[in-house]
Amino acid sequence: MSKFTKYVGKFTLMSFVLILSISLYTIYSLNIYYKESESIQSMDSALILTKNLLEEEELRALSLSILLSQNKEFLKEYFSKNRRATFDVINKKINTLKMFQNYNFEVQVHDKNLNTYIRNWDFNITDIPLSSFREGLVLTKKRKAPLVSIENGKRLNIKAISPILKDGEFVGSIEVIQGFEHLRKKLLEHGYNLFILLNKNNITSDKKFKDYKYINDEFILVNELYEKNSYNALKNSNLKNLKAYGYFSQDDFYFGYFEINNFNNKGLGYCIVSFENINQLYLKSHYKHTVFDDNSSKVTIR
């Protein structure tokens, strides 16, 4: 065999090995790319679903608030200033709705000065001034129009407030208060875990949140029920540089999030959803400005 033939044979073998290596690397890279793209698409879907379900929760609370504010039986007792009768009417309405809709919520009624008039869960609580820290109530009184938003008060939750009007004048307001448990259950049906985080900078009183769990010493976990493994992964995550919305991965889970804002667009914390990282890929942060608009997590009827 001539030297030329040996050279050609060696060159051919090296070329084959090189082409094979490049092909395998290309296939591997494309596989990783498609898996990552698939994961991002799945996270997009999770965030869009979460946003839509959250808006449904807000709109349902708002509808109930408006319905109760115009209920003739309620208005009759409220205008007569009969607290006990008003309390009984409110709880009767709540029990009926809970029975037919399997929907848990609380109701607070305020007088024209924005003091607590009735809380459906405790008849003895009354005459508590709220205007100094409940901006939503102040805005509802000013506009004489319903408003719903996620708001931080005694707890972080959805608050839907409707004015009580008499001859066009503001004489009080009624508020439907809803937590995030119904949203958590809805997301769980789709295989997603929910975490509602309140930024500790928004805590007005340590006593209100003393029994809550802290995440990264930066946030308080608002929801009481959660999936343990994804919770542990979340605790191990770096949450200091979260943007308006995005994605990250930790341990065996993907996480997607968006910022929770109140009615005047003040950031309160984050809504985070997670699902299992089946592909076992490390996902760097991604931010897509096509997922949400600037009006998420707040609805106002003017």
# chains A, B, ... in the order shown; residues from 1 in each chain; ligands from 1

$ residues_around --residues "Lys240 of chain A" --least-positions-apart "3" --cutoff "12 Å" --atoms "only C-alpha atoms" --output "ChimeraX atom specification"
/A:199,215-219,236-237,243,269-270

$ write_last_selection --atoms "C-alpha atoms" --output "short mmCIF file (atom, residue, chain, number, x, y, z; two decimals), in the first residue's frame"
data_model
loop_
_atom_site.label_atom_id
_atom_site.label_comp_id
_atom_site.auth_asym_id
_atom_site.auth_seq_id
_atom_site.Cartn_x
_atom_site.Cartn_y
_atom_site.Cartn_z
CA ASN A 199 -42.38 41.20 49.87
CA ILE A 215 -38.69 32.50 51.82
CA ASN A 216 -35.09 33.72 51.37
CA ASP A 217 -35.65 36.23 54.20
CA GLU A 218 -37.15 38.45 51.49
CA PHE A 219 -40.70 37.17 51.15
CA ASN A 236 -33.22 27.06 47.72
CA SER A 237 -33.73 29.52 44.86
CA LYS A 243 -38.08 41.02 37.32
CA GLY A 269 -44.88 40.49 45.80
CA TYR A 270 -45.01 37.63 43.32
#

$ residues_around --residues "Val222 of chain A" --least-positions-apart "6" --cutoff "8 Å" --atoms "only C-alpha atoms" --output "PyMOL selection string"
chain A and resi 156+195-198+212-213

$ residues_around --residues "Leu187 of chain A" --least-positions-apart "3" --cutoff "12 Å" --atoms "only C-alpha atoms" --output "ChimeraX atom specification"
/A:45-54,180-184,190-195,226-227,272-275

$ write_last_selection --atoms "C-alpha atoms" --output "CSV table (one decimal), in the first residue's frame"
chain,number,residue,atom,x,y,z
A,45,SER,CA,-48.7,28.5,29.0
A,46,ALA,CA,-48.6,28.1,32.8
A,47,LEU,CA,-48.1,31.8,33.4
A,48,ILE,CA,-50.9,32.8,30.9
A,49,LEU,CA,-53.3,30.2,32.5
A,50,THR,CA,-52.4,31.6,36.0
A,51,LYS,CA,-53.0,35.2,35.0
A,52,ASN,CA,-56.3,34.3,33.4
A,53,LEU,CA,-57.5,32.3,36.4
A,54,LEU,CA,-56.4,35.1,38.7
A,180,PHE,CA,-55.9,32.2,46.9
A,181,GLU,CA,-56.9,28.7,47.8
A,182,HIS,CA,-59.4,28.3,45.0
A,183,LEU,CA,-56.8,29.5,42.5
A,184,ARG,CA,-54.3,27.0,44.0
A,190,HIS,CA,-53.4,21.3,35.5
A,191,GLY,CA,-50.3,20.0,37.3
A,192,TYR,CA,-49.0,23.3,38.6
A,193,ASN,CA,-48.1,24.4,42.1
A,194,LEU,CA,-48.9,27.9,43.4
A,195,PHE,CA,-46.9,30.1,45.7
A,226,TYR,CA,-48.5,24.0,49.1
A,227,GLU,CA,-46.6,21.0,47.6
A,272,ILE,CA,-45.1,31.9,41.3
A,273,VAL,CA,-46.1,28.6,39.6
A,274,SER,CA,-44.0,25.5,39.3
A,275,PHE,CA,-44.0,22.1,37.7

$ select_by_dssp --residues "segment 11-230 of chain A" --states "helix (DSSP H, G or I)" --output "JSON, numbers by chain"
{"A": [11, 12, 13, 14, 15, 16, 17, 18, 19, 20, 21, 22, 23, 24, 25, 26, 27, 28, 29, 30, 31, 32, 33, 34, 35, 36, 37, 38, 39, 40, 41, 42, 43, 44, 45, 46, 47, 48, 49, 50, 51, 52, 53, 54, 55, 56, 57, 58, 59, 60, 61, 62, 63, 64, 65, 66, 67, 68, 69, 72, 73, 74, 75, 76, 77, 78, 79, 83, 84, 85, 86, 87, 88, 89, 90, 91, 92, 93, 94, 95, 96, 97, 98, 99, 100, 101, 135, 136, 137, 138, 139, 140, 141, 142, 143, 181, 182, 183, 184, 185, 186, 187, 188, 189, 200, 201, 202, 228, 229, 230]}

$ closest_residue --among "A:Glu135, A:Glu276, A:Glu55, A:Asp111" --to "Tyr78 of chain A" --atoms "only C-alpha atoms"
A:Asp111

$ closest_residue --among "A:Glu175, A:Leu225, A:Thr96, A:Asn120" --to "Arg84 of chain A" --atoms "only C-alpha atoms"
A:Asn120

$ atom_distance --atom1 "atom CA of Ser162 of chain A" --atom2 "atom CA of Lys185 of chain A"
27.0 Å

$ closest_residue --among "A:Asn277, A:Lys266, A:Asp211, A:Tyr257" --to "Ala233 of chain A" --atoms "only C-alpha atoms"
A:Asn277

$ closest_residue --among "A:Lys98, A:Lys93, A:Lys72, A:Arg134" --to "His110 of chain A" --atoms "only C-alpha atoms"
A:Arg134

$ atom_distance --atom1 "atom CA of Tyr117 of chain A" --atom2 "atom CA of Met99 of chain A"
25.4 Å

$ select_by_dssp --residues "segment 67-129 of chain A" --states "strand (DSSP E)" --output "list of chain:residue names"
A:Glu106, A:Val107, A:Gln108, A:Val109, A:His110, A:Asp111, A:Thr116, A:Tyr117, A:Ile118, A:Arg119

$ residues_around --residues "Asn157 of chain A" --least-positions-apart "6" --cutoff "6 Å" --atoms "only C-alpha atoms" --output "list of chain:residue names"
A:Ile150, A:Glu151, A:Gln178, A:Gly179

$ residues_around --residues "segment 138-140 of chain A" --least-positions-apart "5" --cutoff "9 Å" --atoms "only C-alpha atoms" --output "PyMOL selection string"
chain A and resi 114+130-132+145-147+161-163+173

$ write_last_selection --atoms "C-alpha atoms" --output "mmCIF file, in the first residue's frame"
data_model
loop_
_atom_site.group_PDB
_atom_site.id
_atom_site.type_symbol
_atom_site.label_atom_id
_atom_site.label_comp_id
_atom_site.auth_asym_id
_atom_site.auth_seq_id
_atom_site.Cartn_x
_atom_site.Cartn_y
_atom_site.Cartn_z
ATOM 1 C CA LEU A 114 -64.748 54.108 56.134
ATOM 2 C CA LEU A 130 -59.559 51.908 57.936
ATOM 3 C CA SER A 131 -58.936 54.933 55.730
ATOM 4 C CA SER A 132 -55.337 55.448 56.890
ATOM 5 C CA ALA A 145 -67.350 53.066 41.664
ATOM 6 C CA PRO A 146 -66.482 49.396 42.291
ATOM 7 C CA LEU A 147 -62.861 48.334 42.421
ATOM 8 C CA ILE A 161 -65.116 46.814 47.016
ATOM 9 C CA SER A 162 -68.431 48.297 45.892
ATOM 10 C CA PRO A 163 -69.918 51.577 47.117
ATOM 11 C CA SER A 173 -69.207 50.241 51.047
#

$ decode --residues "segment 60-79 of chain A" --atoms "N, CA and C atoms" --output "tab-separated table (two decimals), in the first residue's frame"
chain	number	residue	atom	x	y	z
A	60	ARG	N	-64.95	37.47	39.70
A	60	ARG	CA	-66.02	36.82	40.46
A	60	ARG	C	-66.23	37.53	41.79
A	61	ALA	N	-65.14	37.89	42.46
A	61	ALA	CA	-65.25	38.63	43.72
A	61	ALA	C	-65.93	39.98	43.48
A	62	LEU	N	-65.57	40.63	42.38
A	62	LEU	CA	-66.17	41.93	42.06
A	62	LEU	C	-67.66	41.78	41.79
A	63	SER	N	-68.04	40.75	41.06
A	63	SER	CA	-69.45	40.52	40.76
A	63	SER	C	-70.26	40.30	42.04
A	64	LEU	N	-69.69	39.53	42.95
A	64	LEU	CA	-70.38	39.29	44.22
A	64	LEU	C	-70.51	40.57	45.03
A	65	SER	N	-69.46	41.37	45.02
A	65	SER	CA	-69.48	42.63	45.76
A	65	SER	C	-70.57	43.55	45.22
A	66	ILE	N	-70.65	43.66	43.90
A	66	ILE	CA	-71.68	44.51	43.27
A	66	ILE	C	-73.07	43.96	43.57
A	67	LEU	N	-73.21	42.64	43.46
A	67	LEU	CA	-74.50	41.99	43.73
A	67	LEU	C	-74.97	42.27	45.15
A	68	LEU	N	-74.08	42.12	46.11
A	68	LEU	CA	-74.45	42.36	47.51
A	68	LEU	C	-74.75	43.82	47.79
A	69	SER	N	-74.01	44.72	47.14
A	69	SER	CA	-74.22	46.16	47.37
A	69	SER	C	-75.57	46.64	46.87
A	70	GLN	N	-76.19	45.85	45.98
A	70	GLN	CA	-77.48	46.24	45.41
A	70	GLN	C	-78.63	45.35	45.90
A	71	ASN	N	-78.32	44.45	46.83
A	71	ASN	CA	-79.34	43.53	47.34
A	71	ASN	C	-80.34	44.29	48.22
A	72	LYS	N	-81.61	44.17	47.90
A	72	LYS	CA	-82.64	44.96	48.60
A	72	LYS	C	-82.75	44.57	50.07
A	73	GLU	N	-82.64	43.29	50.37
A	73	GLU	CA	-82.74	42.84	51.76
A	73	GLU	C	-81.59	43.40	52.59
A	74	PHE	N	-80.40	43.36	52.03
A	74	PHE	CA	-79.24	43.92	52.72
A	74	PHE	C	-79.38	45.43	52.90
A	75	LEU	N	-79.75	46.13	51.83
A	75	LEU	CA	-79.86	47.60	51.91
A	75	LEU	C	-80.92	48.04	52.91
A	76	LYS	N	-82.01	47.29	53.00
A	76	LYS	CA	-83.07	47.64	53.95
A	76	LYS	C	-82.53	47.64	55.38
A	77	GLU	N	-81.78	46.60	55.74
A	77	GLU	CA	-81.26	46.51	57.11
A	77	GLU	C	-80.11	47.50	57.32
A	78	TYR	N	-79.30	47.70	56.29
A	78	TYR	CA	-78.17	48.63	56.42
A	78	TYR	C	-78.66	50.06	56.62
A	79	PHE	N	-79.64	50.47	55.83
A	79	PHE	CA	-80.17	51.83	55.95
A	79	PHE	C	-80.90	52.04	57.27
